[in-house]
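Student: Structure file entry35.cif, mmCIF, C-alpha atoms, is pasted below:
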```cif
data_final
#
loop_
_atom_site.label_atom_id
_atom_site.label_comp_id
_atom_site.auth_asym_id
_atom_site.auth_seq_id
_atom_site.Cartn_x
_atom_site.Cartn_y
_atom_site.Cartn_z
CA MET B 227 0.00 0.00 0.00
CA ARG B 228 0.99 3.64 -0.32
CA HIS B 229 -0.55 6.98 0.54
CA PHE B 230 -2.36 8.46 -2.46
CA GLY B 231 -2.15 5.03 -4.07
CA HIS B 232 -5.81 5.38 -5.09
CA VAL B 233 -4.93 8.44 -7.20
CA ALA B 234 -4.13 7.79 -10.87
CA PRO B 235 -0.36 7.49 -11.49
CA ALA B 236 -0.35 10.33 -14.02
CA VAL B 237 -2.01 12.65 -11.50
CA ARG B 238 0.44 11.58 -8.78
CA ASP B 239 3.32 12.40 -11.13
CA ASP B 240 1.97 15.94 -11.46
CA LEU B 241 1.47 16.32 -7.71
CA PHE B 242 4.65 14.92 -6.23
CA PHE B 243 8.30 15.93 -6.39
CA GLN B 244 8.99 12.71 -4.45
CA GLN B 245 6.34 10.00 -4.55
CA PRO B 246 5.07 8.36 -1.31
CA SER B 247 6.88 5.07 -0.79
CA ALA B 248 5.07 1.74 -0.79
CA PHE B 249 4.96 -0.26 2.44
CA ASP B 250 3.13 -3.25 3.90
CA ALA B 251 2.18 -4.64 7.30
CA ASP B 252 5.62 -6.22 7.65
CA ALA B 253 7.49 -2.92 7.26
CA PRO B 254 9.69 -1.68 10.15
CA ALA B 255 7.80 -0.18 13.08
CA ARG B 256 9.44 3.20 12.42
CA THR B 257 7.87 3.28 8.95
CA LEU B 258 4.45 2.08 10.08
CA SER B 259 4.21 4.54 12.96
CA ALA B 260 4.83 7.44 10.58
CA ALA B 261 2.51 6.01 7.93
CA LEU B 262 -0.63 5.51 10.08
CA GLY B 263 -2.08 8.78 8.86
CA ALA B 264 -5.81 9.14 9.39
CA THR B 265 -6.71 6.04 11.41
CA LEU B 266 -10.38 5.40 10.73
CA TYR B 267 -12.45 3.85 13.53
CA SER B 268 -15.45 1.62 12.82
CA PRO B 269 -17.78 -0.20 15.25
CA ALA B 270 -17.15 -3.96 15.15
CA THR B 271 -20.90 -4.53 14.99
CA ARG B 272 -21.25 -3.43 11.35
CA PRO B 273 -22.81 -6.33 9.43
CA LYS B 274 -20.87 -5.56 6.24
CA LEU B 275 -17.59 -4.70 7.89
CA ALA B 276 -15.51 -6.57 5.31
CA ASP B 277 -17.12 -4.54 2.52
CA ASP B 278 -16.47 -1.34 4.48
CA VAL B 279 -12.79 -2.18 4.95
CA ILE B 280 -12.29 -2.92 1.25
CA LYS B 281 -14.19 0.22 0.24
CA GLN B 282 -12.12 2.46 2.51
CA ALA B 283 -8.89 0.90 1.27
CA GLY B 284 -9.94 1.91 -2.22
CA ARG B 285 -10.45 5.48 -1.02
CA GLY B 286 -6.97 5.90 0.44
CA VAL B 287 -7.36 4.66 4.03
CA VAL B 288 -4.22 2.84 5.21
CA SER B 289 -5.09 2.15 8.87
CA MET B 290 -8.35 1.18 10.54
CA VAL B 291 -9.46 0.32 14.07
CA LEU B 292 -12.38 -2.08 14.51
CA CYS B 293 -13.84 -1.10 17.84
CA LEU B 294 -15.21 -3.31 20.61
CA GLU B 295 -15.12 -0.56 23.22
CA ASP B 296 -16.89 2.80 23.52
CA SER B 297 -18.48 2.76 20.05
CA ILE B 298 -20.76 -0.17 20.95
CA ASP B 299 -23.14 -0.92 23.80
CA ASP B 300 -22.03 -3.25 26.60
CA SER B 301 -24.70 -5.76 25.55
CA GLU B 302 -23.28 -5.96 22.02
CA VAL B 303 -19.75 -7.12 22.84
CA ALA B 304 -20.25 -10.87 22.38
CA GLY B 305 -22.06 -10.40 19.08
CA ALA B 306 -19.44 -7.91 17.88
CA GLU B 307 -16.64 -10.37 18.63
CA GLU B 308 -18.44 -13.06 16.66
CA ASN B 309 -18.99 -10.62 13.83
CA LEU B 310 -15.28 -9.74 13.77
CA VAL B 311 -14.28 -13.38 13.45
CA GLY B 312 -16.64 -13.86 10.51
CA GLN B 313 -15.62 -10.61 8.80
CA PHE B 314 -11.90 -11.39 9.09
CA ALA B 315 -12.53 -14.80 7.53
CA GLU B 316 -14.34 -13.10 4.66
CA LEU B 317 -11.51 -10.62 4.15
CA ALA B 318 -8.97 -13.45 4.09
CA ALA B 319 -11.02 -15.33 1.52
CA ARG B 320 -11.44 -12.29 -0.74
CA GLY B 321 -7.78 -11.28 -0.68
CA GLY B 322 -6.52 -7.99 -2.07
CA GLU B 323 -4.79 -5.01 -0.50
CA LEU B 324 -6.12 -4.05 2.92
CA PRO B 325 -5.33 -1.29 5.41
CA LEU B 326 -3.41 -2.00 8.58
CA LEU B 327 -6.12 -3.48 10.81
CA PHE B 328 -6.28 -3.09 14.59
CA ILE B 329 -8.91 -4.20 17.10
CA ARG B 330 -9.81 -1.99 20.03
CA VAL B 331 -10.55 -4.28 22.96
CA ARG B 332 -11.94 -3.66 26.42
CA GLU B 333 -10.02 -6.15 28.55
CA PRO B 334 -6.71 -8.07 28.20
CA HIS B 335 -8.31 -11.51 27.89
CA GLN B 336 -10.00 -10.47 24.65
CA ILE B 337 -6.62 -10.21 22.93
CA THR B 338 -5.63 -13.86 23.25
CA ASP B 339 -9.22 -15.06 22.87
CA LEU B 340 -9.70 -13.21 19.58
CA VAL B 341 -6.38 -14.35 18.12
CA ARG B 342 -7.37 -17.96 18.87
CA ARG B 343 -10.81 -17.50 17.30
CA LEU B 344 -9.48 -15.68 14.25
CA GLY B 345 -7.29 -18.66 13.36
CA ASP B 346 -5.53 -18.29 10.02
CA SER B 347 -7.21 -14.94 9.34
CA ALA B 348 -5.22 -13.45 12.25
CA CYS B 349 -2.53 -12.88 9.62
CA LEU B 350 -4.55 -9.80 8.58
CA LEU B 351 -4.27 -8.28 12.05
CA SER B 352 -1.58 -5.70 12.82
CA GLY B 353 -2.36 -5.28 16.49
CA PHE B 354 -4.64 -3.98 19.22
CA VAL B 355 -5.71 -0.62 20.60
CA LEU B 356 -5.59 -0.59 24.40
CA PRO B 357 -8.06 1.77 26.09
CA LYS B 358 -7.60 3.83 29.28
CA PHE B 359 -3.96 2.84 29.45
CA THR B 360 -2.14 3.26 32.75
CA GLN B 361 0.63 1.19 34.32
CA GLU B 362 -1.89 -0.87 36.29
CA ARG B 363 -4.09 -1.59 33.26
CA GLY B 364 -1.28 -1.55 30.74
CA VAL B 365 0.93 -4.35 32.00
CA PRO B 366 -1.81 -7.05 31.73
CA PHE B 367 -2.62 -5.77 28.23
CA MET B 368 0.99 -5.99 27.11
CA GLU B 369 1.44 -9.45 28.63
CA ALA B 370 -1.66 -10.63 26.76
CA LEU B 371 -0.26 -9.16 23.54
CA ALA B 372 2.96 -11.13 23.99
CA LYS B 373 0.97 -14.35 24.43
CA ALA B 374 -1.13 -13.55 21.37
CA GLU B 375 2.04 -13.08 19.30
CA SER B 376 3.12 -16.59 20.24
CA LEU B 377 -0.31 -17.99 19.45
CA GLY B 378 -0.58 -16.30 16.09
CA GLY B 379 3.04 -16.68 15.09
CA ARG B 380 3.34 -13.10 13.87
CA ARG B 381 4.24 -9.63 15.09
CA LEU B 382 1.44 -7.68 16.79
CA PHE B 383 1.62 -4.05 17.80
CA ALA B 384 -0.03 -2.17 20.64
CA MET B 385 -1.49 1.31 20.40
CA PRO B 386 -2.26 2.43 23.97
CA VAL B 387 -4.89 5.15 24.40
CA LEU B 388 -4.08 7.78 27.01
CA GLU B 389 -7.47 8.88 28.32
CA SER B 390 -7.81 8.02 32.00
CA PRO B 391 -8.99 10.66 34.53
CA GLU B 392 -5.81 10.12 36.55
CA LEU B 393 -3.84 11.44 33.60
CA LEU B 394 -6.08 14.48 33.34
CA HIS B 395 -6.12 15.42 37.03
CA LEU B 396 -3.28 17.75 37.95
CA GLU B 397 -2.48 16.12 41.30
CA THR B 398 -1.91 12.67 39.75
CA ARG B 399 -0.69 13.51 36.25
CA ARG B 400 3.04 13.58 36.88
CA GLU B 401 3.08 10.21 38.65
CA VAL B 402 0.76 8.57 36.12
CA LEU B 403 2.78 9.85 33.18
CA GLY B 404 5.99 8.57 34.75
CA LYS B 405 4.52 5.11 35.24
CA ILE B 406 3.10 5.03 31.71
CA ALA B 407 6.52 6.01 30.36
CA ALA B 408 8.15 3.16 32.31
CA THR B 409 5.55 0.67 31.06
CA VAL B 410 5.67 1.52 27.36
CA GLY B 411 9.45 1.81 27.61
CA SER B 412 9.63 -1.79 28.82
CA TYR B 413 7.65 -2.92 25.76
CA ARG B 414 9.10 -0.44 23.26
CA ASP B 415 9.36 -2.91 20.38
CA ARG B 416 5.63 -3.63 20.59
CA VAL B 417 4.30 -0.06 20.96
CA LEU B 418 3.58 1.37 17.51
CA ALA B 419 2.05 4.67 18.63
CA LEU B 420 0.30 6.34 21.54
CA ARG B 421 -3.20 7.70 20.97
CA LEU B 422 -4.93 10.51 22.86
CA GLY B 423 -8.50 10.08 24.13
CA VAL B 424 -9.51 13.74 24.16
CA THR B 425 -13.25 12.97 24.22
CA ASP B 426 -12.76 11.19 27.56
CA PHE B 427 -10.71 14.13 28.84
CA CYS B 428 -13.53 16.53 28.00
CA SER B 429 -16.10 14.17 29.50
CA ALA B 430 -14.41 14.31 32.90
CA TYR B 431 -15.31 18.00 33.10
CA GLY B 432 -18.56 17.98 31.14
CA LEU B 433 -16.95 19.78 28.19
CA ARG B 434 -17.35 19.50 24.44
CA ARG B 435 -15.50 21.66 21.95
CA ALA B 436 -17.53 23.44 19.26
CA PRO B 437 -16.79 22.87 15.56
CA ASP B 438 -14.91 26.18 15.32
CA MET B 439 -12.60 25.28 18.22
CA THR B 440 -9.66 22.89 18.36
CA ALA B 441 -8.59 20.62 21.20
CA TYR B 442 -5.87 23.14 21.95
CA ASP B 443 -8.46 25.87 22.60
CA VAL B 444 -9.79 23.79 25.50
CA ARG B 445 -7.03 24.74 27.87
CA ILE B 446 -7.35 21.79 30.24
CA VAL B 447 -7.01 19.43 27.27
CA GLY B 448 -4.21 21.40 25.65
CA ASP B 449 -2.24 21.26 28.90
CA VAL B 450 -2.52 17.46 29.03
CA ILE B 451 -1.42 17.11 25.40
CA ALA B 452 1.62 19.29 26.14
CA ASP B 453 2.56 17.18 29.15
CA VAL B 454 2.13 13.91 27.24
CA VAL B 455 4.42 15.17 24.47
CA ASN B 456 6.86 16.48 27.07
CA VAL B 457 7.28 13.07 28.69
CA LEU B 458 6.50 10.62 25.87
CA GLY B 459 7.23 12.45 22.62
CA ARG B 460 10.86 13.46 23.00
CA ALA B 461 13.17 13.41 19.99
CA ASP B 462 16.11 11.95 21.91
CA GLY B 463 15.35 8.32 21.10
CA THR B 464 13.13 7.74 24.14
CA GLY B 465 9.95 9.13 22.60
CA PHE B 466 7.05 7.54 20.72
CA THR B 467 4.80 8.59 17.87
CA ILE B 468 1.80 10.33 19.42
CA THR B 469 -1.28 10.68 17.22
CA GLY B 470 -3.69 13.59 17.08
CA PRO B 471 -7.09 13.52 18.83
CA VAL B 472 -10.38 12.70 17.17
CA TRP B 473 -12.42 15.35 15.36
CA GLU B 474 -16.11 14.84 16.15
CA TYR B 475 -17.91 16.79 13.40
CA PHE B 476 -18.67 15.42 9.96
CA ARG B 477 -21.36 17.30 8.09
CA LEU B 478 -19.19 17.30 4.99
CA GLN B 479 -20.36 14.90 2.28
CA GLU B 480 -17.68 14.28 -0.33
CA ARG B 481 -20.17 13.80 -3.15
CA MET B 482 -21.09 17.48 -2.81
CA PHE B 483 -17.65 18.26 -4.27
CA LYS B 484 -17.56 15.56 -6.92
CA PRO B 485 -18.98 17.56 -9.87
CA GLN B 486 -16.50 20.40 -9.49
CA LEU B 487 -13.57 18.12 -8.67
CA ARG B 488 -14.04 15.99 -11.78
CA ARG B 489 -13.51 18.98 -14.05
CA SER B 490 -9.78 18.94 -13.36
CA PRO B 491 -7.47 17.32 -10.85
CA PHE B 492 -6.13 20.80 -10.08
CA LEU B 493 -9.48 22.64 -10.10
CA GLU B 494 -8.25 25.13 -12.75
CA GLY B 495 -8.34 28.05 -10.36
CA ARG B 496 -11.24 26.76 -8.25
CA ALA B 497 -9.09 26.28 -5.14
CA GLU B 498 -10.65 29.15 -3.24
CA GLU B 499 -14.13 27.81 -3.99
CA LEU B 500 -13.23 24.44 -2.50
CA ARG B 501 -11.56 26.05 0.51
CA THR B 502 -14.72 28.09 1.16
CA ALA B 503 -16.85 24.96 0.87
CA LEU B 504 -14.65 23.16 3.38
CA ILE B 505 -15.00 25.98 5.87
CA GLU B 506 -18.77 26.08 5.43
CA HIS B 507 -19.00 22.37 6.20
CA ASP B 508 -17.28 22.54 9.58
CA LEU B 509 -13.85 21.40 8.42
CA ASP B 510 -12.10 24.70 9.07
CA GLY B 511 -11.67 23.63 12.70
CA LEU B 512 -10.34 20.24 11.61
CA LEU B 513 -7.77 21.83 9.30
CA ARG B 514 -6.57 24.16 12.05
CA GLU B 515 -6.37 21.29 14.51
CA ILE B 516 -4.28 19.17 12.13
CA GLU B 517 -1.84 22.05 11.76
CA LEU B 518 -1.70 22.47 15.55
CA ASP B 519 -1.18 18.71 15.95
CA ARG B 520 1.92 18.99 13.79
CA ALA B 521 3.18 22.10 15.56
CA ASN B 522 2.83 20.32 18.92
CA GLY B 523 4.69 17.17 17.89
CA LEU B 524 1.77 14.87 16.96
CA LEU B 525 1.60 12.77 13.80
CA GLY B 526 -1.48 11.13 12.31
CA LYS B 527 -5.00 11.46 13.66
CA THR B 528 -7.90 9.41 15.02
CA CYS B 529 -10.86 9.71 12.63
CA ILE B 530 -14.47 8.61 13.01
CA HIS B 531 -15.73 9.63 9.57
CA PRO B 532 -14.32 8.88 6.09
CA SER B 533 -14.59 12.56 5.07
CA HIS B 534 -11.76 13.39 7.49
CA VAL B 535 -9.22 11.07 5.87
CA ALA B 536 -8.36 13.09 2.76
CA PRO B 537 -7.73 16.38 4.64
CA VAL B 538 -5.47 14.64 7.17
CA HIS B 539 -3.45 12.99 4.42
CA ALA B 540 -3.26 16.13 2.26
CA LEU B 541 -1.87 18.12 5.19
CA SER B 542 0.61 15.32 5.98
CA VAL B 543 2.42 15.65 2.65
CA VAL B 544 5.77 17.40 3.05
CA SER B 545 6.00 20.69 1.18
CA HIS B 546 8.88 21.23 -1.22
CA GLU B 547 10.17 24.01 1.03
CA GLU B 548 10.17 21.78 4.13
CA PHE B 549 11.96 19.06 2.18
CA SER B 550 14.59 21.46 0.86
CA ASP B 551 15.31 22.78 4.36
CA ALA B 552 15.49 19.29 5.87
CA GLN B 553 17.90 18.07 3.21
CA ASP B 554 20.17 21.08 3.67
CA ILE B 555 20.27 20.58 7.45
CA LEU B 556 21.16 16.89 7.13
CA ARG B 557 23.82 17.17 4.44
CA PRO B 558 27.06 15.45 5.57
CA GLU B 559 29.03 18.66 5.19
CA SER B 560 26.64 20.32 7.67
CA GLY B 561 27.41 17.81 10.42
CA GLY B 562 29.60 20.21 12.38
CA GLY B 563 26.78 22.65 12.97
CA GLY B 564 26.46 26.27 11.98
CA VAL B 565 23.74 28.29 10.32
CA LEU B 566 22.59 28.00 6.70
CA ARG B 567 20.41 30.28 4.66
CA SER B 568 17.35 28.45 3.36
CA ALA B 569 17.32 27.76 -0.36
CA TYR B 570 14.01 29.61 -0.32
CA THR B 571 15.91 32.63 1.14
CA ASN B 572 13.21 33.23 3.75
CA LYS B 573 14.73 31.74 6.89
CA MET B 574 17.90 30.56 8.60
CA ASN B 575 18.39 26.85 9.24
CA GLU B 576 20.44 26.09 12.36
CA VAL B 577 22.00 22.69 11.79
CA LYS B 578 22.15 21.34 15.33
CA PRO B 579 18.87 22.71 16.80
CA HIS B 580 16.88 21.78 13.67
CA ARG B 581 18.38 18.33 13.11
CA ALA B 582 15.65 16.37 14.94
CA TRP B 583 12.97 18.32 13.02
CA ALA B 584 14.74 17.55 9.75
CA GLU B 585 14.97 13.84 10.53
CA ARG B 586 11.25 13.68 11.35
CA THR B 587 10.41 15.65 8.21
CA LEU B 588 12.30 13.23 5.95
CA GLN B 589 10.64 10.31 7.71
CA ARG B 590 7.24 11.84 6.92
CA ALA B 591 8.39 12.54 3.36
CA GLU B 592 9.21 8.87 2.90
CA VAL B 593 5.62 7.74 3.53
CA PHE B 594 3.55 10.79 2.49
CA GLY B 595 5.75 12.11 -0.29
CA VAL B 596 6.96 15.61 -1.17
CA ALA B 597 4.75 17.99 -3.11
CA ARG B 598 6.01 19.85 -6.15
CA GLU B 599 6.83 23.51 -5.63
CA ASP B 600 3.56 24.75 -7.11
CA VAL B 601 1.33 22.13 -5.44
CA GLY B 602 -0.51 22.95 -2.23
CA PHE B 603 -2.99 21.42 0.18
CA VAL B 604 -6.07 22.12 -1.94
CA ASP B 605 -4.49 20.48 -5.00
CA LEU B 606 -3.69 17.34 -3.00
CA LEU B 607 -7.15 17.27 -1.41
CA ALA B 608 -8.92 17.78 -4.72
CA ALA B 609 -6.99 15.00 -6.43
CA SER B 610 -7.66 12.63 -3.53
CA LEU B 611 -11.41 13.33 -3.46
CA ALA B 612 -11.80 13.29 -7.24
CA GLU B 613 -10.92 9.61 -7.49
#
```
Can you present the structure in this file as structure tokens?
Tutor:
Amino acid sequence: MRHFGHVAPAVRDDLFFQQPSAFDADAPARTLSAALGATLYSPATRPKLADDVIKQAGRGVVSMVLCLEDSIDDSEVAGAEENLVGQFAELAARGGELPLLFIRVREPHQITDLVRRLGDSACLLSGFVLPKFTQERGVPFMEALAKAESLGGRRLFAMPVLESPELLHLETRREVLGKIAATVGSYRDRVLALRLGVTDFCSAYGLRRAPDMTAYDVRIVGDVIADVVNVLGRADGTGFTITGPVWEYFRLQERMFKPQLRRSPFLEGRAEELRTALIEHDLDGLLREIELDRANGLLGKTCIHPSHVAPVHALSVVSHEEFSDAQDILRPESGGGGVLRSAYTNKMNEVKPHRAWAERTLQRAEVFGVAREDVGFVDLLAASLAE
């Protein structure tokens, strides 16, 4: 699979200075953690889940979470598990390219139980999402994951969700974060990314952000995100990929844009019209939040609606200017440090302070590609939606 793989090759050639690289479920963890992109959640109760997975793969989704936790009622868990087993068997029988598939469980015992029940179709599974992760809850989850790896005979990743009230509350946050860091550090090879449960954070205080506000505008939430990145997102080799929080609003219907998008993959000057339409359909807040995710050290995003996928991926592509700066900073002859004038002549690149940023930028460029100089977000979004 590859990002923008659903876009026609000729259109991709016009969009990208460097094409997104292909990868599969067996790629190194470093590649997969950067490539998660917009991780689309779906309730495990959906009767045509296999069809949904195949459809979303054809629309550019590269990672999905099939949820047994908050998205379904307590009374539906047994039926949802049975449905998952049947849907995985169907996917295995149909073959074809699939997204990275994860199951969000409620309790540790579900991990080993599901791997047993999935049988041969467990080969389609990339791992599990672990809710309300703390040291106390996390260790049993990680031990169950290790057992499931032995049962299934293949690598399985964990994606812990940081969403417990103890993490939110000021008086317990430092201790809880320290214990979480120790736990995930002990299982580093199995932790693909850490996810943020911002909806649960808001719930603890009876809050809900409006569509014109980002998670960072809710100060109590923004403070937690900052502390999580501070402890768990460091660029010194101890940190993890931390993904952006979910965006709850989805009035946008992609088919509303189809007629205008089909006229040209580059809209022929209609970029401002599309941008206005996005703002009118409650995605202005999403776009701002994605930018703030990046500025605050987050990569990828939890998504609950397919219309969010294309904007997340379009804003994940590395601009030609970013790529040029990163390459200059990491040139062998720059290894001793110093200051370089950007090739775009609009900034100074300090070799040592900007090195970690440059390394992360080239990692993102590997999986999301580098846009041509004259290609921007709207061009990438339009091409993605036009397919």
Student: Can you give me, as number ranges by chain, the residues this file yields under the PyMOL selection byres ((chain B and resi 417) around 12)?
Tutor: B: 255-256, 258-259, 352-356, 364, 367-368, 371-372, 381-387, 406-407, 409-416, 418-421, 458, 465-468
Student: Measuring atom to atom with only C-alpha atoms, identify which of B:Arg435, B:Leu351, B:Val341, B:Asp296 is nearest to Ala318 in chain B.
Tutor: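 Result for the nearest residue to Ala318 in chain B: B:Leu351.
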Student: Mind giving me the straight-line distance from CA of Ala304 in chain B to CA of Cys349 in chain B in Å, one decimal?
Tutor: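 Value for the CA of Ala304 in chain B-CA of Cys349 in chain B distance: 21.9 Å.
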Student: When you look at Ile298 in chain B with a cut-off of 8 Å (counting all atoms listed in the file), what residues show up, excluding the ones that are within fewer than 5 positions of it in the same chain? I need them as an mmCIF file with C-alpha atoms, in the frame of the given file.
Tutor:
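The result, written out as around07.cif:
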```cif
data_model
loop_
_atom_site.group_PDB
_atom_site.id
_atom_site.type_symbol
_atom_site.label_atom_id
_atom_site.label_comp_id
_atom_site.auth_asym_id
_atom_site.auth_seq_id
_atom_site.Cartn_x
_atom_site.Cartn_y
_atom_site.Cartn_z
ATOM 1 C CA PRO B 269 -17.780 -0.200 15.250
ATOM 2 C CA ALA B 270 -17.150 -3.960 15.150
ATOM 3 C CA THR B 271 -20.900 -4.530 14.990
ATOM 4 C CA CYS B 293 -13.840 -1.100 17.840
ATOM 5 C CA VAL B 303 -19.750 -7.120 22.840
#
```
Student: Fewer than 5 positions away in the same chain doesn't count, so skip those; otherwise give me all residues within 9 Å of Glu599 in chain B, counting all atoms listed in the file, as a list in words.
Tutor: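 Surrounding residues, per the criterion: Phe242, Phe243, Ser545, His546 and Glu547 of chain B.
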Student: Export, as a tab-separated table (two decimals), in the frame of the given file, the selected residues with C-alpha atoms.
Tutor:
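What ended up in part-v7.tsv:
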```tsv
chain	number	residue	atom	x	y	z
B	242	PHE	CA	4.65	14.92	-6.23
B	243	PHE	CA	8.30	15.93	-6.39
B	545	SER	CA	6.00	20.69	1.18
B	546	HIS	CA	8.88	21.23	-1.22
B	547	GLU	CA	10.17	24.01	1.03
```
Student: Can you list, as a short mmCIF file (atom, residue, chain, number, x, y, z; two decimals) with C-alpha atoms, in the coordinates of the input, every protein, DNA or RNA residue that comes within 8 Å of range 422-434 of chain B when you count all atoms listed in the file, leaving out same-chain residues fewer than 5 positions away?
Tutor:
```cif
data_model
loop_
_atom_site.label_atom_id
_atom_site.label_comp_id
_atom_site.auth_asym_id
_atom_site.auth_seq_id
_atom_site.Cartn_x
_atom_site.Cartn_y
_atom_site.Cartn_z
CA VAL B 387 -4.89 5.15 24.40
CA LEU B 388 -4.08 7.78 27.01
CA GLU B 389 -7.47 8.88 28.32
CA SER B 390 -7.81 8.02 32.00
CA PRO B 391 -8.99 10.66 34.53
CA LEU B 394 -6.08 14.48 33.34
CA ALA B 441 -8.59 20.62 21.20
CA VAL B 447 -7.01 19.43 27.27
CA ILE B 451 -1.42 17.11 25.40
CA ILE B 468 1.80 10.33 19.42
CA THR B 469 -1.28 10.68 17.22
CA GLY B 470 -3.69 13.59 17.08
CA PRO B 471 -7.09 13.52 18.83
CA VAL B 472 -10.38 12.70 17.17
#
```
Student: Determine the residue set returned by the PyMOL selection byres ((chain B and resi 511-524) around 8) for the present structure, and present it as an mmCIF file with C-alpha atoms, in the frame of the given file.
Tutor:
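Saved file selection12.cif follows:
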```cif
data_model
loop_
_atom_site.group_PDB
_atom_site.id
_atom_site.type_symbol
_atom_site.label_atom_id
_atom_site.label_comp_id
_atom_site.auth_asym_id
_atom_site.auth_seq_id
_atom_site.Cartn_x
_atom_site.Cartn_y
_atom_site.Cartn_z
ATOM 1 C CA PRO B 437 -16.790 22.870 15.560
ATOM 2 C CA ASP B 438 -14.910 26.180 15.320
ATOM 3 C CA MET B 439 -12.600 25.280 18.220
ATOM 4 C CA THR B 440 -9.660 22.890 18.360
ATOM 5 C CA ALA B 441 -8.590 20.620 21.200
ATOM 6 C CA TYR B 442 -5.870 23.140 21.950
ATOM 7 C CA ALA B 452 1.620 19.290 26.140
ATOM 8 C CA VAL B 455 4.420 15.170 24.470
ATOM 9 C CA GLY B 459 7.230 12.450 22.620
ATOM 10 C CA THR B 467 4.800 8.590 17.870
ATOM 11 C CA ILE B 468 1.800 10.330 19.420
ATOM 12 C CA THR B 469 -1.280 10.680 17.220
ATOM 13 C CA GLY B 470 -3.690 13.590 17.080
ATOM 14 C CA TRP B 473 -12.420 15.350 15.360
ATOM 15 C CA ILE B 505 -15.000 25.980 5.870
ATOM 16 C CA ASP B 508 -17.280 22.540 9.580
ATOM 17 C CA LEU B 509 -13.850 21.400 8.420
ATOM 18 C CA ASP B 510 -12.100 24.700 9.070
ATOM 19 C CA LEU B 525 1.600 12.770 13.800
ATOM 20 C CA GLY B 526 -1.480 11.130 12.310
ATOM 21 C CA LYS B 527 -5.000 11.460 13.660
ATOM 22 C CA PRO B 537 -7.730 16.380 4.640
ATOM 23 C CA VAL B 538 -5.470 14.640 7.170
ATOM 24 C CA LEU B 541 -1.870 18.120 5.190
#
```
Student: To one decimal in Å, tell me the separation between CA of Lys573 in chain B and CA of Gln553 in chain B.
Tutor: 14.5 Å
Student: Could you tell me how far CA of Leu275 in chain B lies from CA of Phe359 in chain B, in Å and to one decimal?
Tutor: 26.6 Å
Student: For the file shown, what are the residues hit by the PyMOL selection byres ((chain B and resi 581) around 12), laid out as a VMD selection string?
Tutor: chain B and resid 461 to 462 551 to 558 560 to 565 575 to 580 582 to 588
Student: Could you list, as a PyMOL selection string, every residue within 12 Å of range 229-231 of chain B, counting all atoms listed in the file and ignoring same-chain residues fewer than 3 positions away?
Tutor: chain B and resi 234-239+241-242+245-250+258+260-264+283-289+323+325+535-540+542-543+590-597+606-613
Student: Quick one: residues within 7 Å of Ile337 in chain B, all atoms listed in the file counted, chain neighbours fewer than 2 positions away excluded, as a list of chain:residue names?
Tutor: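 In the requested form, the answer reads B:Pro334, B:His335, B:Asp339, B:Leu340, B:Val341, B:Ala370, B:Leu371, B:Ala374.
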Student: Where atoms are missing, can you supply N, CA, C and O atoms for range 532-540 of chain B and output the lot as a compact mmCIF listing (two decimals), in the frame of the given file?
Tutor:
```
# COMPACT_ATOMS: atom_id res chain seq x y z
N PRO B 532 -15.19 8.96 7.28
CA PRO B 532 -14.32 8.88 6.09
C PRO B 532 -13.99 10.24 5.49
O PRO B 532 -12.93 10.40 4.87
N SER B 533 -14.85 11.25 5.67
CA SER B 533 -14.59 12.56 5.07
C SER B 533 -13.39 13.27 5.70
O SER B 533 -12.89 14.25 5.15
N HIS B 534 -12.91 12.78 6.84
CA HIS B 534 -11.76 13.39 7.49
C HIS B 534 -10.43 12.87 6.95
O HIS B 534 -9.38 13.48 7.18
N VAL B 535 -10.46 11.75 6.27
CA VAL B 535 -9.22 11.07 5.87
C VAL B 535 -8.42 11.90 4.87
O VAL B 535 -7.23 12.14 5.06
N ALA B 536 -9.08 12.35 3.81
CA ALA B 536 -8.36 13.09 2.76
C ALA B 536 -7.72 14.38 3.29
O ALA B 536 -6.56 14.66 2.96
N PRO B 537 -8.41 15.19 4.11
CA PRO B 537 -7.73 16.38 4.64
C PRO B 537 -6.52 16.05 5.50
O PRO B 537 -5.49 16.73 5.42
N VAL B 538 -6.62 15.02 6.34
CA VAL B 538 -5.47 14.64 7.17
C VAL B 538 -4.29 14.25 6.30
O VAL B 538 -3.15 14.68 6.53
N HIS B 539 -4.54 13.45 5.27
CA HIS B 539 -3.45 12.99 4.42
C HIS B 539 -2.88 14.13 3.57
O HIS B 539 -1.66 14.21 3.37
N ALA B 540 -3.75 15.01 3.08
CA ALA B 540 -3.26 16.13 2.26
C ALA B 540 -2.35 17.04 3.06
O ALA B 540 -1.33 17.54 2.55
```
